Amino acid sequence: MGSNPTVEMVYKRPDTFTEVSTHYCPGCTHGVAHRLVAEVLEEMKLQDVTIGVASVGCSVFAYNYFDCDFVEAAHGRAPAMATGIKRVLPDRVVFTYQGDGDLASIGMAEIVHAAARGENISVIFINNANYGMTGGQMAPTTLPGQKTTSSPGGRDIEQTGFPIRTAEMLATLEGAGYIVRRSLHDPKNIRKAKKSIRLAFETQVRGLGFSMVELLSTCPTNWGINPVESLHWIEERMIPYFPIEDFKVSASVSQIRV
Amino acid sequence: MGSNPTVEMVYKRPDTFTEVSTHYCPGCTHGVAHRLVAEVLEEMKLQDVTIGVASVGCSVFAYNYFDCDFVEAAHGRAPAMATGIKRVLPDRVVFTYQGDGDLASIGMAEIVHAAARGENISVIFINNANYGMTGGQMAPTTLPGQKTTSSPGGRDIEQTGFPIRTAEMLATLEGAGYIVRRSLHDPKNIRKAKKSIRLAFETQVRGLGFSMVELLSTCPTNWGINPVESLHWIEERMIPYFPIEDFKVSASVSQIRV
Amino acid sequence: MPVKGWIEVDDRYCKGCDLCVYACPQDVISLDMDRLTPKGYHPAYLISEGCTGCAICAIVCPEAALTVYREVPVKRRKTPA
Amino acid sequence: MPVKGWIEVDDRYCKGCDLCVYACPQDVISLDMDRLTPKGYHPAYLISEGCTGCAICAIVCPEAALTVYREVPVKRRKTPA
Amino acid sequence: MQNEIVIAGFGGQGVLFAGQVLAYAAMDSDKEVTWIPSYGPEMRGGTANCTVIIADEEIGSPLVRNPQAVIAMNLPSLDKYEPLIVEDGTLIVNKSLVNRSIARKDLQSVLIPANEMAESLGDKRLTNIIMVGALLAQQPVLPIDAVENALRDHLPERHKKLLPLNYQALRAGEEFVKKELMGENI
Amino acid sequence: MQNEIVIAGFGGQGVLFAGQVLAYAAMDSDKEVTWIPSYGPEMRGGTANCTVIIADEEIGSPLVRNPQAVIAMNLPSLDKYEPLIVEDGTLIVNKSLVNRSIARKDLQSVLIPANEMAESLGDKRLTNIIMVGALLAQQPVLPIDAVENALRDHLPERHKKLLPLNYQALRAGEEFVKKELMGENI
Amino acid sequence: MTKELLKGNEAIAEAAVRAGLEAYFGYPITPQTELLEWLSKRMPDLGRTFLQAESELAAINMVYGAACTGARVMTSSSSPGVSLMMEGISYIAGTEVPVVLVDVMRGGPGLGNIAPSQGDYNQIVHGGGHGDFRPIVLAPASIQESIDLTVEAFDLADKYRAVVVVLVDGSIGQMMEPAELPPMQPLERRDPEWAVNGALGRDRRILSSIYIDPEEEEDINVRLLKRWNEIEANELRYREYFMENAELVVIGFGTAGRVALSAVRAAREEGIPVGLLRPITVSPFPYARIKELTNLACGMLVVEMNSGQMLHDVLTAVGSKIPVEFYGRMGGVVPFPDEILDEIKRLCYEPVAPSENPRTSWIDRLEHAKN
Amino acid sequence: MTKELLKGNEAIAEAAVRAGLEAYFGYPITPQTELLEWLSKRMPDLGRTFLQAESELAAINMVYGAACTGARVMTSSSSPGVSLMMEGISYIAGTEVPVVLVDVMRGGPGLGNIAPSQGDYNQIVHGGGHGDFRPIVLAPASIQESIDLTVEAFDLADKYRAVVVVLVDGSIGQMMEPAELPPMQPLERRDPEWAVNGALGRDRRILSSIYIDPEEEEDINVRLLKRWNEIEANELRYREYFMENAELVVIGFGTAGRVALSAVRAAREEGIPVGLLRPITVSPFPYARIKELTNLACGMLVVEMNSGQMLHDVLTAVGSKIPVEFYGRMGGVVPFPDEILDEIKRLCYEPVAPSENPRTSWIDRLEHAKN
Ligand SMILES: Cc1ncc(C[n+]2csc(CCOP(=O)(O)OP(=O)(O)O)c2C)c(N)n1
Ligand SMILES: Cc1ncc(C[n+]2csc(CCOP(=O)(O)OP(=O)(O)O)c2C)c(N)n1
Ligand code: SF4
Ligand code: SF4
Ligand code: SF4
Ligand code: SF4
């Protein structure tokens, strides 16, 4: 039995991306996170109603890559800025894209209160266990013993405590509708991550409150290992401390089928 | 069988208190919290090695009442200031005394990070469901529907979310050695509260990490009811939302016998 | 026969908040409507016999205004039968 | 006979990070050491037959530099027996 | 021409409202007026003062060191303000809470048992208005009916039923002083 | 008297270290010296430049618009700096990564196949030192042995074993230029 | 046109509402709190946005976000809270979006107290926030002026895409005066060509304060400076009293200005030829007018409720042409008219050396007066 | 005495260590980060306190607390981070405890960029933080000076119980120069009479910035002002170059000052009679010396890496006596010597009207130059 084949395009760069090459280091999974958000915006046709809030970190230039309206927040204040936008434009979709220094260190008060208020925004939270942009200093997510440029002897938990499990902590707040942790270290997990980003935006579109997807992401440059080794580092070092789980899926969010 | 009686003093004002009348409104249980801390400092003979950190709130003048060294922090920053002191004087006992606006609103980042670092300080956290000093505005702890001067229609959870259960949230952090909630609304609970304050200081003295006692406290003036009714209000309104529980008692802390 | 006790109220601190009055299990504390403290409050005082020196009033007092005393019977050594 | 597929790599975006190379289940992607992209990287390329168009490379690509194609056999309508 | 009135007492005596009533009356009489609560160290409770300035031209400072008239609702207020009043100024004292006579002889002063009068009118809360009535009798900075209208228009809703009583209080204060001036209150 | 040298290339070519070696040598020869990496828009990767100024008197600006000498490690650097060099200035170009000749005729310029030479010495990382040697031959801002001592004293520990090779590289660069000047490199 | 007896904080809040305030974000602080409390009732009643932020830091960044949508937005605070807004204000200025900030100043530094002060002049007019930008600063001295300038603040903010500060002290916040409120402006949804509100049917827009290329950042700075020159040319406001043939000129803004008015009036009644200049915009500052006055007057007296912050600007304008003296009260103390009157008299009788630093001599006098 | 080739940020950090730094609290930010990184290794090795704070806000309040114990403490940041410290700085000033702050300035406003700038001059010298207080501000122009002034900063902070700021721009932070580090000072535990460190065998002590009674707060303000007069009298520092018979005086601090030096030297070589004044303390500011110079020179040129912030202070000193012109680059652009040389020449040939605002003409020239 023969068959004369036709060609199908299995994957193409989403239209919600601009034709700009990113400034990210080769193999940095910030790029994967960007792509997933772009794909979700495209699938949900949200491009024209979405306002992104870039934060201060390596993703500071995120606004260059997404083909939708964008603002750039002060370090750590993206949730406050997003709140200001969402409150005056409740029918728009507002998301922040923040690193772990931005969200879990300087911006801790703003993220906790945005979640507590049940602020109807979506947060993409990149956990790469260090401050990338400034050259790899210790972050609240840096692992015990991990060497960084500001913990040259390795993170000393006696002096600086244990890493903060942000998703777990925020999940204790009533206002949170959807809070999960995902990872970008292999295709299976990337697929899961995309599904969760989709759910986060669905949560917002349905007005079901605060949503956040924490993504374990690589920083080959500052980790000092190559991009492929970095994926293993996530799997072997990060995931044991930062489990890939759903921490808060409110009753109404759990109804959503995508 | 007769007996010729002698006189015993069952209770007297602790020496760790100065001979200054407080500025608190009549019946405000800030005073009870002060007394308990003073009693614990006396029992543990810590007066000479203790440095208190007052915060900005009705307790802003706390330094007038305790007969030990004291500093006055900026609004919300008491944990940071206490950290600065404790790091250079690790053998001193350092405690902060903060209201719910101070600790759970503007000071959220500082308290979360002090707890996450396992900063070896003790925090007395007064939860009176509003901002007392500035005239009874809404606090992160204000109950749903509760009328305050900045939520005249009653706290609208749609707009401002649910109250933050601070103790529960901070208990998710590794660095926390001892975190409990107590209440000051009746003798039994006051006794429990004192025991917990004692434990908090014991935790610090033994270097077992961050300790915090959240205390449900009255604000008759801004609640607009008399001191006695205020006690009932704690029992009937606050406790159902803010349960009196131990949220974190680390293994080593649970060994402590007082 | 119950233990005998009594309280002293320090007028410099008492603010007549009523908490001790409400807490006293023997109902022997009241606010003195005929007196004003230097700060202008009606202070608490012991209205009658019956205080057992349980110090519950002191435990609830926000101003540490109370001192509580109690008579303790001195046990006599039993004489052998 | 497995489905036939192929990829296109956009040199404007590819940074030669090796992630697709490592991810490709068929091991048919490699970095082209003889070519440099405008940004100065060795871009990925399809080294041989055997790509199934599974698009796993595209899923891991941080730069959205890949387009993936596949041949689909057109099913012929069954003729009644 | 400018009138400066300080009303002082402790919280709960209606000091601030008494001042506002004067301010409303002045406004309705097309005068320039300022009302300002005075700042003291204490953040709550304790003493409560306000300064009301009534003038024909733009008012500069809302506060003055030496007011022309003072209503002292209690002893501390009397002690604080008696020395500050301008020479030959006016001083209205709530006799009910003051156990001393007035030291300065230059002042036009009245001691009035406002608490007792208020209670005899049936409501302690009228004390402040009685004092205002007395002030206006002693120093007619404003026509008394302007103050009546101010009360009518600005008494908090929940107290509207007390309006007639307030009128009475105002007149009572006025009467008392008039009699006093005629030397009848002996 | 002041010498201004710009060393430009892309990250990984040892541009910043080459500049520091000159700076150390200058310091050890009791000269005034400044070393400054130049700021570009890009926060990481891409091009890397530094400016070294060597002088006898206190140095003012650590940056100059028109340097006296430039070491261009790649084409973009050549394109950027060739026009900026002072008249009759010095230009050392890494021929290995440059496919064009030098446009300006006034310059004292050398094209040197540094990559190939480095590889023939057995280590690509020596390219930068070869270029330094060439510069010193072309414009003797510092005695070459001062640079050798600088290498000896300041080569990062982990590279100490490469010291002899670095000496060779320095001399190789110097030799190449000397020959060039004598027209021998044909 | 009916006047009402209005409290400063509430008058400013209601004026903002009527000027079309769409969103307010703020945090309680004495002596500004009544403003927030008023809006906590008013805004929801009107279906507009009121949100008590978790801090001033959050408030200024919420306002920043809301402003990026083109909405009319405002926040308010008092000195310590305003200090926390400095980074945000710099971002807003760098992003060129319109924001109105009300600062009801209190005594400092630090926690200080809650009494009226003008100690934020420098922070607001000159220094606050990193980088080169200048906010427009309006300094009303009465409740009516507070209302009028609040309304104007929004128009100026929109016109120049700038931060506009309404700078008052605690006594104006707490004081009551008869004043007339403006009519309610209908809310129209603004969509300025720069607003970020969803790229529906248009190219996407970006609002940010990053210009990673210094040359580009410099262009922005130049644009801001040229806009500032326009502002200086068009928006200068001040008021003069008794200036005809004045030989001594008193200069003061806000409450200090109106206290000075009492003193100047009293002095005139005694036949002393003194006038008053009250800057209404302290930024832009009436440099030119003050320079002019140096040709008419033979001396100046600057009065402030701080240690002489505006004094610096007056000195810049005066140069060394005529002597300038200073009288200030600090830490929450409001001067009485008689203090200023005494200063005026002193200046008329004892001559002052233009050279010496006015602050030094003042401090001696003040200390002497206090003991 | 051996010199080493040192990078600015690291030199400052090591100088602080040797000056007896007991505790450092800070947060990463370019172009200051190497300073923090250096201390993250050094301090623990020496058994001293290094802590990376969760933010600049936390850092300044940690430093505040540590300073209250009498310890030698420091924090450092760059422009946006420094803006976040304003409330804390005001508290520290109001509490009168010694703190050293290093500000490595970058281009702004807002997020701006990471290139060198002097845009924080106003925020640090004049305005930052509410209330009346003045920090001592040291502005080194070389690595050696950065080291020496950092050491001095600690002594000045202790001496005056004040905030001392070491104000440099990113290029000084990144540059390397030969310099000599001071010897290691032994750490002695300080116990000044005001320090809060446990009331063992003494009466308790309180450190706070509240003075709820305005009169009392005013007394504090007076005390701070009198202390400031002392500082102005004792701690003024500046350096002059080629000043003999200079007809034109160039004024610039930090990097702008040393770039100007190149230009002035070049001008002198061409026989142009120009000198340079480089303020080393920008607060206190050399008002008197500049006033003096107006008697010798016939014109001044202020050079800054901002829009003319120090210019304001120079104008205050000069009055209208001689013309003052301005040349600045902004947003992270560092001027080259030739730009300043051109300005010097222009001033020698075309005369300038003293009246006009120097900023306006400069902006026109700059714009013209850029296009
Ligand atoms: C107020 C302020 N403080 C500090 C900085 C410097 N800074 C820029 S990015 C960054 C950390 C970014 O790390 P993270 O949020 O983890 O994002 P990543 O770069 O790792 O993606 C810091 C501290 C700043 N720009 N502003
Ligand atoms: C930066 C700053 N913002 C706001 C204030 C005003 N303020 C003083 S106390 C207070 C709230 C206190 O409430 P809480 O912490 O609950 O303590 P309580 O008075 O209820 O005991 C506020 C907002 C301030 N002093 N500083
Ligand atoms: S520094 Fe790290 S996080 Fe930043 S772009 Fe490079 S790899 Fe990614
Ligand atoms: S206002 Fe409330 S919290 Fe404050 S003292 Fe009074 S009762 Fe206590
Ligand atoms: S509880 Fe204390 S303060 Fe209250 S009435 Fe009793 S004695 Fe007085
Ligand atoms: S994953 Fe993408 S960027 Fe990386 S090599 Fe493959 S195609 Fe290039």
# chains A, B, ... in the order shown; residues from 1 in each chain; ligands from 1
>>> residues_near_ligand(ligand="ligand 6", cutoff="6 Å", atoms="only C-alpha atoms and all ligand atoms", output="list in words")
Gly27 of chain A; Val9, Cys14, Lys15, Gly16, Cys17, Asp18, Leu19, Cys20, Pro43, Ala44, Cys61, Pro62, Glu63, Ala65 and Leu66 of chain D
>>> closest_atom_pairs(of="chain H", to="ligand 1", cutoff="10 Å", atoms="only C-alpha atoms and all ligand atoms", output="Markdown table")
| residue | atom | partner | partner_atom_place_in_ligand_line | distance |
| --- | --- | --- | --- | --- |
| H:Gly26 | CA | ligand 1 | 4 (C) | 9.9 |
| H:Tyr27 | CA | ligand 1 | 4 (C) | 6.6 |
| H:Pro28 | CA | ligand 1 | 23 (C) | 4.7 |
| H:Ile29 | CA | ligand 1 | 6 (C) | 3.7 |
| H:Thr30 | CA | ligand 1 | 6 (C) | 6.0 |
| H:Pro31 | CA | ligand 1 | 6 (C) | 8.8 |
| H:Gln32 | CA | ligand 1 | 6 (C) | 9.3 |
| H:Thr33 | CA | ligand 1 | 6 (C) | 8.6 |
| H:Glu54 | CA | ligand 1 | 23 (C) | 9.5 |
| H:Ser55 | CA | ligand 1 | 3 (N) | 6.9 |
| H:Glu56 | CA | ligand 1 | 3 (N) | 6.7 |
| H:Leu57 | CA | ligand 1 | 1 (C) | 8.9 |
| H:Ser77 | CA | ligand 1 | 3 (N) | 7.9 |
| H:Ser78 | CA | ligand 1 | 3 (N) | 7.9 |
| H:Ser79 | CA | ligand 1 | 1 (C) | 8.2 |
| H:Pro80 | CA | ligand 1 | 1 (C) | 5.0 |
| H:Gly81 | CA | ligand 1 | 1 (C) | 4.1 |
| H:Val82 | CA | ligand 1 | 1 (C) | 7.7 |
| H:Ser83 | CA | ligand 1 | 1 (C) | 7.9 |
| H:Leu84 | CA | ligand 1 | 1 (C) | 6.8 |
| H:Met85 | CA | ligand 1 | 1 (C) | 9.6 |
| H:Gly110 | CA | ligand 1 | 26 (N) | 9.2 |
| H:Leu111 | CA | ligand 1 | 25 (N) | 6.4 |
| H:Gly112 | CA | ligand 1 | 25 (N) | 9.1 |
| H:Asn113 | CA | ligand 1 | 25 (N) | 8.9 |
| H:Ile114 | CA | ligand 1 | 25 (N) | 8.9 |
>>> calpha_fit_and_write(fixed="chain C", moving="chain D", output="PDB file with C-alpha atoms, in the first residue's frame")
ATOM      1  CA  MET D   1     -11.632  28.390 105.152  1.00  0.00           C
ATOM      2  CA  PRO D   2     -10.296  29.999 101.921  1.00  0.00           C
ATOM      3  CA  VAL D   3      -6.921  31.684 101.761  1.00  0.00           C
ATOM      4  CA  LYS D   4      -7.060  35.393 102.491  1.00  0.00           C
ATOM      5  CA  GLY D   5      -5.535  37.803 100.024  1.00  0.00           C
ATOM      6  CA  TRP D   6      -5.607  41.446  98.952  1.00  0.00           C
ATOM      7  CA  ILE D   7      -4.379  43.722  96.193  1.00  0.00           C
ATOM      8  CA  GLU D   8      -2.662  47.079  95.977  1.00  0.00           C
ATOM      9  CA  VAL D   9      -3.436  49.292  93.009  1.00  0.00           C
ATOM     10  CA  ASP D  10      -0.774  51.783  91.955  1.00  0.00           C
ATOM     11  CA  ASP D  11      -2.560  54.958  90.900  1.00  0.00           C
ATOM     12  CA  ARG D  12       0.407  56.052  88.805  1.00  0.00           C
ATOM     13  CA  TYR D  13      -0.320  53.202  86.410  1.00  0.00           C
ATOM     14  CA  CYS D  14      -3.972  52.221  86.705  1.00  0.00           C
ATOM     15  CA  LYS D  15      -6.115  53.480  83.806  1.00  0.00           C
ATOM     16  CA  GLY D  16      -9.447  52.175  85.028  1.00  0.00           C
ATOM     17  CA  CYS D  17      -9.786  49.862  82.051  1.00  0.00           C
ATOM     18  CA  ASP D  18     -12.020  47.441  83.924  1.00  0.00           C
ATOM     19  CA  LEU D  19     -10.140  44.318  82.825  1.00  0.00           C
ATOM     20  CA  CYS D  20      -9.270  43.210  86.350  1.00  0.00           C
ATOM     21  CA  VAL D  21     -12.786  43.943  87.492  1.00  0.00           C
ATOM     22  CA  TYR D  22     -14.102  41.695  84.760  1.00  0.00           C
ATOM     23  CA  ALA D  23     -11.489  38.999  85.373  1.00  0.00           C
ATOM     24  CA  CYS D  24     -11.702  38.717  89.135  1.00  0.00           C
ATOM     25  CA  PRO D  25     -13.282  35.302  89.896  1.00  0.00           C
ATOM     26  CA  GLN D  26     -14.448  36.554  93.310  1.00  0.00           C
ATOM     27  CA  ASP D  27     -15.983  39.770  91.934  1.00  0.00           C
ATOM     28  CA  VAL D  28     -14.286  41.795  94.629  1.00  0.00           C
ATOM     29  CA  ILE D  29     -12.694  44.463  92.422  1.00  0.00           C
ATOM     30  CA  SER D  30     -14.444  47.571  91.173  1.00  0.00           C
ATOM     31  CA  LEU D  31     -13.536  50.996  89.791  1.00  0.00           C
ATOM     32  CA  ASP D  32     -13.599  53.793  92.339  1.00  0.00           C
ATOM     33  CA  MET D  33     -15.949  56.383  90.840  1.00  0.00           C
ATOM     34  CA  ASP D  34     -15.176  58.837  93.617  1.00  0.00           C
ATOM     35  CA  ARG D  35     -11.464  59.014  92.946  1.00  0.00           C
ATOM     36  CA  LEU D  36      -9.442  60.158  89.960  1.00  0.00           C
ATOM     37  CA  THR D  37      -5.827  59.188  89.302  1.00  0.00           C
ATOM     38  CA  PRO D  38      -3.306  61.879  88.387  1.00  0.00           C
ATOM     39  CA  LYS D  39      -4.005  60.904  84.773  1.00  0.00           C
ATOM     40  CA  GLY D  40      -7.718  61.350  85.319  1.00  0.00           C
ATOM     41  CA  TYR D  41      -8.911  57.765  85.485  1.00  0.00           C
ATOM     42  CA  HIS D  42     -11.133  56.048  88.062  1.00  0.00           C
ATOM     43  CA  PRO D  43      -8.763  53.494  89.586  1.00  0.00           C
ATOM     44  CA  ALA D  44      -9.593  49.918  90.536  1.00  0.00           C
ATOM     45  CA  TYR D  45      -9.915  48.974  94.200  1.00  0.00           C
ATOM     46  CA  LEU D  46     -10.902  46.047  96.402  1.00  0.00           C
ATOM     47  CA  ILE D  47     -14.559  46.432  97.273  1.00  0.00           C
ATOM     48  CA  SER D  48     -14.954  43.717  99.884  1.00  0.00           C
ATOM     49  CA  GLU D  49     -13.547  40.698 101.661  1.00  0.00           C
ATOM     50  CA  GLY D  50     -13.109  37.522  99.698  1.00  0.00           C
ATOM     51  CA  CYS D  51      -9.956  38.131  97.646  1.00  0.00           C
ATOM     52  CA  THR D  52      -8.050  34.836  97.539  1.00  0.00           C
ATOM     53  CA  GLY D  53      -4.853  36.395  96.156  1.00  0.00           C
ATOM     54  CA  CYS D  54      -5.198  34.330  92.998  1.00  0.00           C
ATOM     55  CA  ALA D  55      -3.504  37.168  91.078  1.00  0.00           C
ATOM     56  CA  ILE D  56      -5.711  36.706  88.053  1.00  0.00           C
ATOM     57  CA  CYS D  57      -6.278  40.458  88.079  1.00  0.00           C
ATOM     58  CA  ALA D  58      -2.541  41.002  87.860  1.00  0.00           C
ATOM     59  CA  ILE D  59      -2.285  38.580  84.963  1.00  0.00           C
ATOM     60  CA  VAL D  60      -4.764  40.572  82.885  1.00  0.00           C
ATOM     61  CA  CYS D  61      -3.624  44.045  83.940  1.00  0.00           C
ATOM     62  CA  PRO D  62      -2.081  45.848  80.925  1.00  0.00           C
ATOM     63  CA  GLU D  63      -0.387  48.398  83.142  1.00  0.00           C
ATOM     64  CA  ALA D  64       1.290  46.162  85.721  1.00  0.00           C
ATOM     65  CA  ALA D  65      -0.517  48.373  88.219  1.00  0.00           C
ATOM     66  CA  LEU D  66      -1.330  45.598  90.676  1.00  0.00           C
ATOM     67  CA  THR D  67       0.538  44.023  93.525  1.00  0.00           C
ATOM     68  CA  VAL D  68      -1.080  40.933  95.009  1.00  0.00           C
ATOM     69  CA  TYR D  69      -0.567  39.607  98.564  1.00  0.00           C
ATOM     70  CA  ARG D  70      -1.740  36.490 100.322  1.00  0.00           C
ATOM     71  CA  GLU D  71      -1.673  35.080 103.818  1.00  0.00           C
ATOM     72  CA  VAL D  72      -0.056  31.673 103.966  1.00  0.00           C
ATOM     73  CA  PRO D  73      -0.768  29.438 106.956  1.00  0.00           C
ATOM     74  CA  VAL D  74       2.545  28.277 108.511  1.00  0.00           C
ATOM     75  CA  LYS D  75       2.314  24.490 108.802  1.00  0.00           C
ATOM     76  CA  ARG D  76       3.040  23.340 112.396  1.00  0.00           C
ATOM     77  CA  ARG D  77       5.401  20.343 112.639  1.00  0.00           C
ATOM     78  CA  LYS D  78       3.328  17.256 113.508  1.00  0.00           C
ATOM     79  CA  THR D  79       4.052  16.017 117.051  1.00  0.00           C
ATOM     80  CA  PRO D  80       4.589  12.237 117.183  1.00  0.00           C
ATOM     81  CA  ALA D  81       1.563  10.407 118.416  1.00  0.00           C
TER      82      ALA D  81
END
>>> atom_distance(atom1="atom CA of G:Pro284", atom2="atom CA of G:Met62")
26.9 Å
>>> residues_around(residues="stretch 117-128 of chain H", least_positions_apart="5", cutoff="9 Å", atoms="only C-alpha atoms", output="ChimeraX atom specification")
/G:83,86,120-132,309 /H:79,82-83,85-87,89-90,103-109,134-137,165,167-171,254-256,282-284,304-307,309-310,329-334
>>> write_last_selection(atoms="C-alpha atoms", output="CSV table (one decimal), in the first residue's frame")
chain,number,residue,atom,x,y,z
G,83,SER,CA,11.7,59.1,51.0
G,86,MET,CA,12.5,58.1,45.4
G,120,ASP,CA,11.2,68.0,52.2
G,121,TYR,CA,11.8,71.0,50.0
G,122,ASN,CA,15.3,69.8,49.0
G,123,GLN,CA,14.2,66.2,48.6
G,124,ILE,CA,11.3,67.2,46.3
G,125,VAL,CA,12.7,70.2,44.5
G,126,HIS,CA,16.4,69.3,44.1
G,127,GLY,CA,17.6,66.0,45.1
G,128,GLY,CA,15.2,63.2,45.5
G,129,GLY,CA,15.9,60.3,43.2
G,130,HIS,CA,19.0,59.4,41.2
G,131,GLY,CA,19.7,60.9,37.8
G,132,ASP,CA,18.8,64.2,36.1
G,309,GLN,CA,16.5,74.9,51.9
H,79,SER,CA,22.3,55.1,42.0
H,82,VAL,CA,21.0,54.5,46.8
H,83,SER,CA,17.6,56.0,46.1
H,85,MET,CA,18.2,54.1,51.1
H,86,MET,CA,16.9,57.6,51.5
H,87,GLU,CA,14.5,56.9,54.4
H,89,ILE,CA,19.8,57.6,55.7
H,90,SER,CA,17.5,60.2,57.2
H,103,ASP,CA,27.8,55.3,46.0
H,104,VAL,CA,29.3,54.1,42.6
H,105,MET,CA,27.1,56.2,40.3
H,106,ARG,CA,25.6,55.1,37.0
H,107,GLY,CA,23.5,56.6,34.2
H,108,GLY,CA,19.9,57.5,35.0
H,109,PRO,CA,17.2,58.4,35.7
H,134,ARG,CA,23.7,67.0,55.5
H,135,PRO,CA,26.0,64.1,54.9
H,136,ILE,CA,29.8,64.6,54.5
H,137,VAL,CA,30.5,63.7,50.8
H,165,VAL,CA,29.4,59.2,51.6
H,167,LEU,CA,30.9,59.4,45.9
H,168,VAL,CA,32.5,57.9,42.8
H,169,ASP,CA,31.3,57.1,39.3
H,170,GLY,CA,31.4,53.8,37.6
H,171,SER,CA,34.7,54.4,35.8
H,254,GLY,CA,35.8,63.1,40.4
H,255,THR,CA,36.3,61.7,36.9
H,256,ALA,CA,35.0,64.9,35.3
H,282,VAL,CA,31.7,68.3,47.6
H,283,SER,CA,29.9,68.6,50.9
H,284,PRO,CA,31.1,70.7,52.6
H,304,GLU,CA,30.1,67.5,35.2
H,305,MET,CA,28.8,64.1,34.1
H,306,ASN,CA,25.3,65.3,34.7
H,307,SER,CA,23.0,68.2,33.7
H,309,GLN,CA,24.0,69.7,39.6
H,310,MET,CA,27.1,71.1,41.2
H,329,ARG,CA,27.6,64.9,29.5
H,330,MET,CA,24.7,62.9,30.8
H,331,GLY,CA,23.2,59.4,30.9
H,332,GLY,CA,26.5,57.6,31.3
H,333,VAL,CA,28.6,59.4,28.7
H,334,VAL,CA,32.1,60.3,29.8
>>> residues_near_ligand(ligand="ligand 3", cutoff="10 Å", atoms="only C-alpha atoms and all ligand atoms", output="JSON, numbers by chain")
{"A": [22, 23, 24, 25, 26, 27, 28, 29, 30, 31, 57, 58, 59, 60, 99, 126, 127, 128, 129, 130, 131, 132, 133, 134, 135, 136, 217, 218, 219, 220, 221, 222, 223, 224, 226, 227, 230], "F": [43, 44, 45]}
>>> residues_around(residues="stretch 175-185 of chain E", least_positions_apart="4", cutoff="9 Å", atoms="only C-alpha atoms", output="JSON, numbers by chain")
{"E": [110, 112, 133, 134, 135, 137, 138, 170, 171]}
>>> residues_around(residues="A:Glu110", least_positions_apart="2", cutoff="10 Å", atoms="only C-alpha atoms", output="count of residues only")
27
>>> atom_distance(atom1="atom CA of H:Ile344", atom2="atom CA of H:Val324")
11.9 Å
>>> residues_around(residues="F:Asn66", least_positions_apart="5", cutoff="12 Å", atoms="only C-alpha atoms", output="PyMOL selection string")
(chain F and resi 3-6+51+53+80-90) or (chain H and resi 336-338)
>>> residues_around(residues="H:Arg289", least_positions_apart="5", cutoff="10 Å", atoms="only C-alpha atoms", output="number ranges by chain")
H: 238, 277, 294, 317-318
>>> select_by_dssp(residues="stretch 114-303 of chain G", states="alpha helix (DSSP H)", output="PyMOL selection string")
chain G and resi 121+143-160+170-174+214-234+254-269+287-296
>>> interface_residues(of="chain G", to="chain E", cutoff="8 Å", atoms="only C-alpha atoms", output="VMD selection string")
chain G and resid 5 115 171 174 to 178 255 258 to 262 336 to 338
>>> interface_residues(of="chain B", to="chain H", cutoff="9 Å", atoms="only C-alpha atoms", output="PyMOL selection string")
chain B and resi 47-51+60+63-64+67-74+77-89+92-93+109-110+113
